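As provided, entry_23.cif (mmCIF, C-alpha atoms and all ligand atoms) reads as follows.
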```cif
data_data
#
loop_
_atom_site.label_atom_id
_atom_site.label_comp_id
_atom_site.auth_asym_id
_atom_site.auth_seq_id
_atom_site.Cartn_x
_atom_site.Cartn_y
_atom_site.Cartn_z
CA MET P 1 7.57 2.00 4.70
CA PRO P 2 4.84 0.70 2.36
CA VAL P 3 5.57 1.18 -1.35
CA PRO P 4 2.95 3.75 -2.43
CA TYR P 5 3.02 3.20 -6.20
CA PHE P 6 3.54 0.08 -8.31
CA PRO P 7 3.93 1.30 -11.89
CA PHE P 8 4.33 -2.01 -13.76
CA THR P 9 1.57 -3.42 -15.96
CA ASP P 10 1.18 -5.80 -18.88
CA GLU P 11 1.38 -2.86 -21.32
CA PRO P 12 4.61 -2.69 -23.34
CA TYR P 13 6.74 0.33 -22.39
CA GLN P 14 6.31 3.59 -24.22
CA PRO P 15 6.46 7.12 -22.88
CA THR P 16 2.95 8.11 -21.84
CA MET P 17 1.57 11.38 -20.57
CA GLY P 18 -0.63 9.51 -18.09
CA LEU P 19 -2.13 12.73 -16.72
CA LYS P 20 -4.86 12.37 -14.10
CA PRO P 21 -6.97 15.13 -12.53
CA LEU P 22 -5.42 16.34 -9.25
CA ASP P 23 -7.58 17.08 -6.22
CA LEU P 24 -5.68 20.03 -4.74
CA ALA P 25 -6.31 18.66 -1.25
CA GLN P 26 -3.80 15.99 -2.35
CA TRP P 27 -1.36 18.41 -3.97
CA LEU P 28 1.48 17.29 -1.70
CA GLU P 29 2.28 13.93 -0.20
CA PRO P 30 4.13 14.04 3.13
CA ASP P 31 4.98 10.72 4.78
CA LEU P 32 6.85 9.28 7.76
CA LEU P 33 10.21 10.11 6.16
CA GLN P 34 9.40 13.82 6.24
CA ALA P 35 11.72 14.85 9.08
CA ALA P 36 14.73 12.94 7.68
CA GLN P 37 14.14 14.18 4.12
CA LEU P 38 13.68 17.81 5.21
CA ARG P 39 17.02 17.58 7.06
CA LEU P 40 18.66 16.19 3.92
CA LYS P 41 17.13 18.94 1.76
CA ALA P 42 18.25 21.69 4.15
CA ASP P 43 21.77 20.28 4.02
CA LEU P 44 21.79 20.01 0.19
CA LEU P 45 20.39 23.53 -0.23
CA VAL P 46 23.53 24.79 1.53
CA ARG P 47 26.22 22.27 0.56
CA GLU P 48 25.12 21.73 -3.06
CA HIS P 49 23.33 25.03 -3.67
CA ALA P 50 24.86 25.50 -7.13
CA LEU P 51 23.35 22.20 -8.30
CA VAL P 52 19.99 22.26 -6.53
CA LEU P 53 18.76 25.85 -6.39
CA ARG P 54 18.24 28.52 -9.06
CA ALA P 55 15.80 31.37 -9.51
CA SER P 56 15.74 34.11 -12.11
CA PRO P 57 14.71 37.62 -11.02
CA GLU P 58 11.64 37.34 -13.33
CA SER P 59 10.35 34.43 -11.24
CA GLU P 60 9.99 36.54 -8.08
CA VAL P 61 6.24 37.19 -8.44
CA ALA P 62 5.64 33.46 -8.95
CA CYS P 63 7.92 32.44 -6.05
CA ARG P 64 6.10 34.92 -3.81
CA GLU P 65 2.75 33.40 -4.83
CA LEU P 66 4.11 29.88 -4.33
CA TYR P 67 5.26 30.82 -0.80
CA ALA P 68 1.83 32.26 0.08
CA THR P 69 0.02 29.31 -1.52
CA LEU P 70 2.05 26.73 0.42
CA ALA P 71 1.75 28.65 3.70
CA ALA P 72 -2.04 28.64 3.28
CA HIS P 73 -2.26 25.04 2.02
CA LEU P 74 -0.08 23.14 4.49
CA PRO P 75 -1.84 23.83 7.83
CA VAL P 76 -5.26 23.24 6.26
CA HIS P 77 -4.46 19.95 4.55
CA HIS P 78 -1.75 18.56 6.88
CA PRO P 79 -2.67 19.97 10.31
CA ASP P 80 -0.71 17.24 12.13
CA LEU P 81 2.52 18.47 10.48
CA TYR P 82 2.00 22.23 10.07
CA THR P 83 0.18 24.81 12.21
CA ALA P 84 -0.56 28.47 11.63
CA ASP P 85 -1.64 31.48 13.65
CA SER P 86 -2.42 34.92 12.31
CA THR P 87 1.22 35.72 11.52
CA SER P 88 3.26 32.54 11.29
CA LEU P 89 3.44 29.03 9.90
CA THR P 90 5.10 26.41 12.08
CA VAL P 91 6.74 23.42 10.40
CA ARG P 92 6.62 20.90 13.23
CA ALA P 93 9.34 18.62 11.82
CA LEU P 94 11.74 21.59 11.90
CA ASP P 95 10.33 23.00 15.15
CA ARG P 96 10.52 26.37 13.39
CA ALA P 97 8.14 29.19 12.57
CA PHE P 98 8.14 31.24 9.36
CA PRO P 99 6.22 34.39 8.41
CA LEU P 100 2.84 33.41 7.00
CA THR P 101 3.15 36.01 4.25
CA PRO P 102 6.29 36.20 2.13
CA PRO P 103 8.74 38.80 3.51
CA PRO P 104 8.64 41.84 1.18
CA GLU P 105 12.43 42.15 1.06
CA ALA P 106 13.02 38.48 0.09
CA ASP P 107 14.12 37.77 -3.48
CA ALA P 108 13.01 34.80 -5.62
CA ARG P 109 15.92 32.61 -4.55
CA THR P 110 15.35 33.23 -0.83
CA LEU P 111 11.62 32.61 -1.13
CA LEU P 112 12.09 29.36 -3.05
CA SER P 113 14.85 28.03 -0.83
CA THR P 114 12.66 28.75 2.22
CA VAL P 115 9.63 26.83 0.94
CA ALA P 116 11.84 24.03 -0.37
CA ARG P 117 12.71 23.34 3.28
CA TRP P 118 9.03 22.87 4.20
CA VAL P 119 8.06 19.98 1.91
CA GLN P 120 9.56 16.72 0.66
CA GLU P 121 8.69 17.65 -2.94
CA ASP P 122 11.17 19.12 -5.40
CA LEU P 123 9.74 22.32 -6.88
CA CYS P 124 10.06 23.88 -10.34
CA VAL P 125 8.48 27.13 -11.48
CA LEU P 126 7.79 27.57 -15.19
CA ALA P 127 7.17 30.78 -17.12
CA PRO P 128 3.53 31.97 -17.22
CA ALA P 129 3.38 32.18 -21.02
CA ALA P 130 5.04 30.52 -24.00
CA PRO P 131 7.86 29.61 -24.16
CA VAL P 132 7.20 27.70 -20.92
CA THR P 133 10.78 27.61 -19.65
CA ILE P 134 12.04 26.71 -16.16
CA THR P 135 12.51 30.07 -14.40
CA ALA P 136 13.14 28.79 -10.86
CA GLY P 137 13.73 25.47 -9.17
CA ALA P 138 14.74 23.73 -5.96
CA VAL P 139 15.52 20.16 -7.02
CA CYS P 140 17.35 18.15 -4.35
CA PHE P 141 16.35 14.63 -5.41
CA PRO P 142 16.87 14.53 -9.20
CA SER P 143 17.18 11.20 -11.00
CA ARG P 144 20.39 11.61 -13.01
CA TRP P 145 19.85 15.23 -14.14
CA ASN P 146 20.37 18.57 -12.52
CA LEU P 147 18.81 22.00 -12.53
CA PRO P 148 21.71 23.98 -14.11
CA GLU P 149 21.51 21.60 -17.12
CA LYS P 150 17.82 22.37 -17.68
CA PHE P 151 17.46 25.91 -16.38
CA GLY P 152 15.87 28.37 -18.83
CA GLN P 153 14.83 25.56 -21.19
CA ALA P 154 11.36 24.52 -22.39
CA SER P 155 9.97 20.99 -22.65
CA PRO P 156 11.55 19.93 -25.98
CA ALA P 157 15.09 20.72 -24.76
CA ILE P 158 14.42 19.47 -21.21
CA HIS P 159 13.23 16.13 -22.56
CA ALA P 160 15.75 15.83 -25.42
CA PRO P 161 17.65 12.93 -23.74
CA VAL P 162 14.47 10.86 -23.22
CA PRO P 163 14.32 8.11 -25.90
CA LYS P 164 11.23 8.14 -28.14
CA PHE P 165 9.92 11.30 -26.40
CA ALA P 166 10.11 13.77 -29.30
CA GLY P 167 8.39 11.35 -31.69
CA THR P 168 5.58 10.34 -29.31
CA ILE P 169 4.35 12.55 -26.46
CA GLY P 170 6.80 15.43 -27.02
CA PRO P 171 4.49 17.82 -28.92
CA ALA P 172 1.48 17.03 -26.69
CA THR P 173 3.57 17.65 -23.55
CA HIS P 174 4.80 20.97 -24.89
CA SER P 175 1.35 22.24 -25.82
CA PHE P 176 -0.16 20.88 -22.58
CA LEU P 177 2.24 23.02 -20.54
CA GLU P 178 1.16 26.11 -22.51
CA ARG P 179 -2.55 25.37 -22.15
CA LEU P 180 -2.74 24.10 -18.53
CA THR P 181 -5.49 25.97 -16.70
CA VAL P 182 -5.73 27.10 -13.07
CA GLU P 183 -8.89 25.01 -12.67
CA LYS P 184 -7.50 21.69 -13.94
CA PRO P 185 -4.32 20.67 -12.10
CA VAL P 186 -2.97 17.20 -12.91
CA TRP P 187 -0.63 14.54 -11.61
CA ARG P 188 1.37 11.72 -13.19
CA LEU P 189 3.96 9.05 -12.32
CA ASN P 190 7.44 8.29 -13.61
CA TRP P 191 9.49 5.26 -12.56
CA THR P 192 13.04 4.02 -12.79
CA LEU P 193 15.37 1.55 -11.08
CA HIS P 194 18.65 2.66 -9.52
CA ASP P 195 21.61 0.64 -8.26
CA SER P 196 22.00 3.08 -5.37
CA ASP P 197 19.76 4.39 -2.60
CA HIS P 198 20.92 8.01 -2.92
CA LEU P 199 18.00 10.42 -3.28
CA PHE P 200 20.42 13.10 -4.52
CA ALA P 201 21.47 11.67 -7.91
CA PRO P 202 22.31 14.70 -10.06
CA HIS P 203 24.58 13.01 -12.63
CA ALA P 204 24.40 10.14 -15.12
CA VAL P 205 26.60 7.29 -13.84
CA PRO P 206 28.03 4.22 -15.57
CA GLY P 207 26.48 1.91 -12.95
CA ARG P 208 27.92 -0.79 -10.69
CA ASP P 209 29.98 -3.59 -12.22
CA ASP P 210 29.46 -6.09 -9.43
CA LEU P 211 25.76 -6.97 -9.75
CA THR P 212 24.97 -10.61 -10.53
CA PRO P 213 21.80 -12.75 -10.46
CA ALA P 214 22.81 -13.75 -6.93
CA ASN P 215 23.01 -10.25 -5.43
CA VAL P 216 21.13 -7.88 -7.76
CA LEU P 217 17.75 -8.11 -6.01
CA THR P 218 19.17 -6.69 -2.80
CA HIS P 219 21.09 -3.84 -4.46
CA VAL P 220 18.45 -2.36 -6.74
CA PHE P 221 15.94 0.29 -5.69
CA LEU P 222 12.59 1.30 -7.19
CA ARG P 223 12.24 5.06 -7.66
CA THR P 224 8.80 6.44 -8.39
CA GLU P 225 8.15 10.12 -8.96
CA ARG P 226 4.69 11.47 -8.24
CA GLN P 227 4.60 14.68 -10.23
CA THR P 228 1.99 17.42 -10.09
CA LEU P 229 1.37 20.36 -12.39
CA ARG P 230 -0.79 23.37 -11.57
CA ARG P 231 -1.05 26.95 -12.79
CA LEU P 232 -1.06 29.60 -10.06
CA PRO P 233 -4.02 31.99 -10.39
CA VAL P 234 -2.27 35.37 -9.97
CA SER P 235 1.21 35.09 -11.52
CA LYS P 236 -0.09 32.44 -13.98
CA ALA P 237 3.19 30.56 -13.53
CA VAL P 238 3.12 26.75 -13.73
CA VAL P 239 4.35 24.89 -10.65
CA PHE P 240 5.77 21.41 -11.20
CA THR P 241 6.33 19.25 -8.10
CA ILE P 242 8.24 15.99 -7.97
CA ARG P 243 7.82 13.69 -4.97
CA THR P 244 10.41 10.92 -5.11
CA HIS P 245 9.77 7.62 -3.35
CA LEU P 246 12.73 5.25 -3.09
CA HIS P 247 12.38 1.65 -1.89
CA PRO P 248 14.48 -1.51 -1.95
CA LEU P 249 13.14 -3.38 -4.98
CA LEU P 250 12.12 -6.45 -2.95
CA GLU P 251 9.73 -4.30 -0.89
CA ALA P 252 7.85 -3.62 -4.14
CA LEU P 253 7.62 -7.34 -4.98
CA PRO P 254 5.52 -8.91 -2.20
CA THR P 255 3.73 -11.31 -4.57
CA PRO P 256 4.61 -13.49 -7.58
CA GLU P 257 2.22 -11.34 -9.65
CA ALA P 258 4.23 -8.20 -8.83
CA THR P 259 7.44 -10.01 -9.78
CA ARG P 260 5.83 -11.19 -13.03
CA LEU P 261 4.69 -7.69 -14.00
CA LEU P 262 8.15 -6.22 -13.39
CA LEU P 263 9.80 -9.01 -15.38
CA HIS P 264 7.30 -8.51 -18.20
CA THR P 265 8.05 -4.77 -18.25
CA LEU P 266 11.82 -5.34 -18.30
CA GLU P 267 11.58 -7.98 -21.03
CA HIS P 268 9.80 -5.47 -23.29
CA LEU P 269 11.90 -2.44 -22.39
CA PRO P 270 13.79 -1.17 -25.46
CA ALA P 271 17.57 -1.32 -24.90
CA GLU P 272 17.92 2.44 -25.43
CA VAL P 273 15.34 3.08 -22.70
CA ALA P 274 17.16 0.74 -20.29
CA ALA P 275 20.39 2.57 -21.08
CA TYR P 276 18.73 5.99 -20.62
CA LYS P 277 17.38 4.89 -17.24
CA GLY P 278 20.91 3.82 -16.16
CA MET P 279 19.94 0.14 -16.04
CA ALA P 280 22.21 -1.21 -18.81
CA LYS P 281 24.66 -2.92 -16.47
CA PHE P 282 22.15 -4.70 -14.24
CA ILE P 283 19.09 -5.38 -16.38
CA ALA P 284 20.33 -8.80 -17.60
CA PRO P 285 21.18 -10.19 -14.12
CA LEU P 286 17.96 -8.65 -12.80
CA LYS P 287 15.81 -10.42 -15.39
CA THR P 288 17.58 -13.71 -14.59
CA ALA P 289 16.99 -13.22 -10.85
CA LEU P 290 13.30 -12.32 -11.32
CA ALA P 291 12.73 -15.34 -13.58
CA ALA P 292 14.39 -17.57 -10.95
CA ARG P 293 12.04 -16.21 -8.27
CA LEU P 294 9.08 -17.22 -10.42
CA ALA P 295 10.41 -20.70 -11.31
C1 LIG H 1 2.85 16.73 -19.12
C2 LIG H 1 4.01 16.96 -18.60
C3 LIG H 1 5.20 16.02 -18.67
C4 LIG H 1 5.33 14.77 -19.17
C5 LIG H 1 4.27 13.93 -19.86
C6 LIG H 1 6.70 14.34 -18.93
C7 LIG H 1 7.21 13.11 -19.26
C8 LIG H 1 8.49 12.68 -19.01
C9 LIG H 1 9.00 11.35 -19.28
C10 LIG H 1 8.20 10.22 -19.90
C11 LIG H 1 10.28 11.32 -18.89
C12 LIG H 1 11.22 10.10 -18.97
C13 LIG H 1 11.29 9.46 -17.61
C14 LIG H 1 11.91 8.08 -17.59
O1 LIG H 1 11.57 7.26 -18.44
O2 LIG H 1 12.71 7.79 -16.67
C15 LIG H 1 10.61 12.63 -18.38
C16 LIG H 1 11.83 13.01 -17.91
C17 LIG H 1 12.12 14.27 -17.46
N1 LIG H 1 11.21 15.30 -17.28
FE1 LIG H 1 9.31 15.35 -17.82
N2 LIG H 1 7.36 15.36 -18.31
C18 LIG H 1 6.48 16.40 -18.14
C19 LIG H 1 6.74 17.62 -17.58
C20 LIG H 1 7.96 18.01 -17.15
C21 LIG H 1 8.25 19.32 -16.65
C22 LIG H 1 7.25 20.47 -16.48
C23 LIG H 1 9.55 19.34 -16.34
C24 LIG H 1 10.25 20.53 -15.79
C25 LIG H 1 11.18 20.53 -14.93
C26 LIG H 1 10.10 18.02 -16.65
C27 LIG H 1 11.38 17.62 -16.46
C28 LIG H 1 11.90 16.38 -16.79
C29 LIG H 1 13.30 16.03 -16.64
C30 LIG H 1 14.39 16.94 -16.13
C31 LIG H 1 13.43 14.71 -17.06
C32 LIG H 1 14.74 13.92 -17.13
C33 LIG H 1 15.40 14.28 -18.46
C34 LIG H 1 16.83 13.78 -18.54
O3 LIG H 1 17.03 12.59 -18.23
O4 LIG H 1 17.71 14.56 -18.91
N3 LIG H 1 9.09 17.23 -17.13
N4 LIG H 1 9.49 13.43 -18.45
#
```
Turn the structure described in the file into structure tokens.
Amino acid sequence: MPVPYFPFTDEPYQPTMGLKPLDLAQWLEPDLLQAAQLRLKADLLVREHALVLRASPESEVACRELYATLAAHLPVHHPDLYTADSTSLTVRALDRAFPLTPPPEADARTLLSTVARWVQEDLCVLAPAAPVTITAGAVCFPSRWNLPEKFGQASPAIHAPVPKFAGTIGPATHSFLERLTVEKPVWRLNWTLHDSDHLFAPHAVPGRDDLTPANVLTHVFLRTERQTLRRLPVSKAVVFTIRTHLHPLLEALPTPEATRLLLHTLEHLPAEVAAYKGMAKFIAPLKTALAARLA
């Protein structure tokens, strides 16, 4: 699989909003891993439902609109993967048809867990007016956090563990979420490195003890999150999507320039940020290994 995003530059690290206008035709980003990831999500939504799925009764109008919006969007923008007739949406990877309009008897949780099975993205629904709290979510591929921890919270509390966030982009993020308009959806990227290839990573972990300059490059994975934010026109709820891409690090380093940019980023990463990202145990051997590749 090609690595879709390479987030490293010569800029020193600091949290950035990095919002770009989103063309809604590119709202979602299915790829060749769709069938495997939808199977994994369906399994997690049953086996780990307490950690990955939550919806408050107040979110039902928004979840109903999200269902209808996705059912309309998918066959138009991804006709090779989804088809529709006058009454049903077929998700080809699942070989299954669903009602095109949300079933009237379905509650918020049922609606959200149904649409979560259609797309690779994790989905969060935020309240339509301030305080913009998380009112519903189906998050199967979190990077060392989980939905119950964040449920019902607004941006300042959600982002409290992120170093330097409150003192830099915290206030702008908070007010952006209140002011986002239906007409101007956005997307942004986050990145991190993990010492595991598990997409479902709902807890902070101490990290592996056995990584050395000799083996670290083959045991570290680049995780990028393509996130989108849009406000739905009827319920006015904000929908936040997270599309996680996970690749062996070496796949992201095809050239010496790519290796140099990653090394540069890691050399300027504040220690508290490396610790927050779960990289404390392997960042030193990783820097040594990257420098050796460039020598
Ligand atoms: C303009 C909007 C947003 C910006 C600029 C933003 C920015 C960030 C940044 C910079 C991080 C740190 C990532 C890292 O360094 O690894 C982060 C983490 C996070 N963000 Fe956001 N974010 C935004 C919206 C949201 C929304 C709407 C949610 C709602 C679910 C959210 C949930 C999270 C969570 C759960 C984390 C991980 C926090 C933890 O480790 O406990 N973000 N965000």
Correct to one decimal, the distance CA of Cys63 (chain P)-CA of Thr241 (chain P) is 13.4 Å
Taking only C-alpha atoms and all ligand atoms into account, name the residue in P:Ser56, P:Ser235, P:Thr69, P:Asn190 that is nearest to ligand LIG 1 (chain H).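 Ranked by minimum distance to ligand LIG 1 (chain H), first place goes to P:Asn190.
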Restricting to all atoms listed in the file, whichever of P:Ser86, P:Thr9, P:Thr212, P:Thr135 is closest to Glu257 (chain P) is P:Thr9
To check your reading of the model: which residues sit at most 7 Å from ligand LIG 1 (chain H) when counting only C-alpha atoms and all ligand atoms? Write the answer as a short mmCIF file (atom, residue, chain, number, x, y, z; two decimals) with C-alpha atoms, keeping the file's coordinate frame.
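Saved result, selection.cif, follows:
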```
data_model
loop_
_atom_site.label_atom_id
_atom_site.label_comp_id
_atom_site.auth_asym_id
_atom_site.auth_seq_id
_atom_site.Cartn_x
_atom_site.Cartn_y
_atom_site.Cartn_z
CA PRO P 15 6.46 7.12 -22.88
CA THR P 16 2.95 8.11 -21.84
CA MET P 17 1.57 11.38 -20.57
CA GLY P 18 -0.63 9.51 -18.09
CA LEU P 19 -2.13 12.73 -16.72
CA CYS P 124 10.06 23.88 -10.34
CA ILE P 134 12.04 26.71 -16.16
CA ARG P 144 20.39 11.61 -13.01
CA TRP P 145 19.85 15.23 -14.14
CA LYS P 150 17.82 22.37 -17.68
CA SER P 155 9.97 20.99 -22.65
CA ILE P 158 14.42 19.47 -21.21
CA HIS P 159 13.23 16.13 -22.56
CA ALA P 160 15.75 15.83 -25.42
CA PRO P 161 17.65 12.93 -23.74
CA VAL P 162 14.47 10.86 -23.22
CA PHE P 165 9.92 11.30 -26.40
CA ILE P 169 4.35 12.55 -26.46
CA THR P 173 3.57 17.65 -23.55
CA PHE P 176 -0.16 20.88 -22.58
CA LEU P 177 2.24 23.02 -20.54
CA ASN P 190 7.44 8.29 -13.61
CA TRP P 191 9.49 5.26 -12.56
CA THR P 192 13.04 4.02 -12.79
CA PHE P 240 5.77 21.41 -11.20
CA LYS P 277 17.38 4.89 -17.24
#
```
Quick one: residues within 12 Å of Ala258 (chain P), only C-alpha atoms counted, chain neighbours fewer than 6 positions away excluded, as a list of chain:residue names? P:Tyr5, P:Phe6, P:Pro7, P:Phe8, P:Thr9, P:Asp10, P:Leu249, P:Leu250, P:Glu251, P:Ala252, P:His264, P:Thr265, P:Leu290, P:Arg293, P:Leu294
Any idea what the distance is between CA of Ala106 (chain P) and CA of Ala130 (chain P)?
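So the two atoms, CA of Ala106 (chain P) and CA of Ala130 (chain P), lie 26.6 Å apart.
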As a check of understanding: the span from CA of Pro103 (chain P) to CA of Ala62 (chain P) is 13.9 Å
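Checking P:Leu246, P:Leu232, P:Ala55, P:Leu100 one by one against Pro128 (chain P), counting all atoms listed in the file, you find the shortest gap at P:Leu232.
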So that I can check the surroundings of Ile242 (chain P), please list as a ChimeraX atom specification every protein, DNA and RNA residue that reaches within 7 Å of it, counting all atoms listed in the file and ignoring chain neighbours fewer than 3 positions away.
/P:121-123,225-228
Worksheet item: How would you write as number ranges by chain the residues that get within 9 Å of (12.4, 15.4, -1.2) in the file's frame, counting all atoms listed in the file?
Response: P: 34, 37-38, 40-41, 116, 119-122, 139-141, 199-200, 242-245
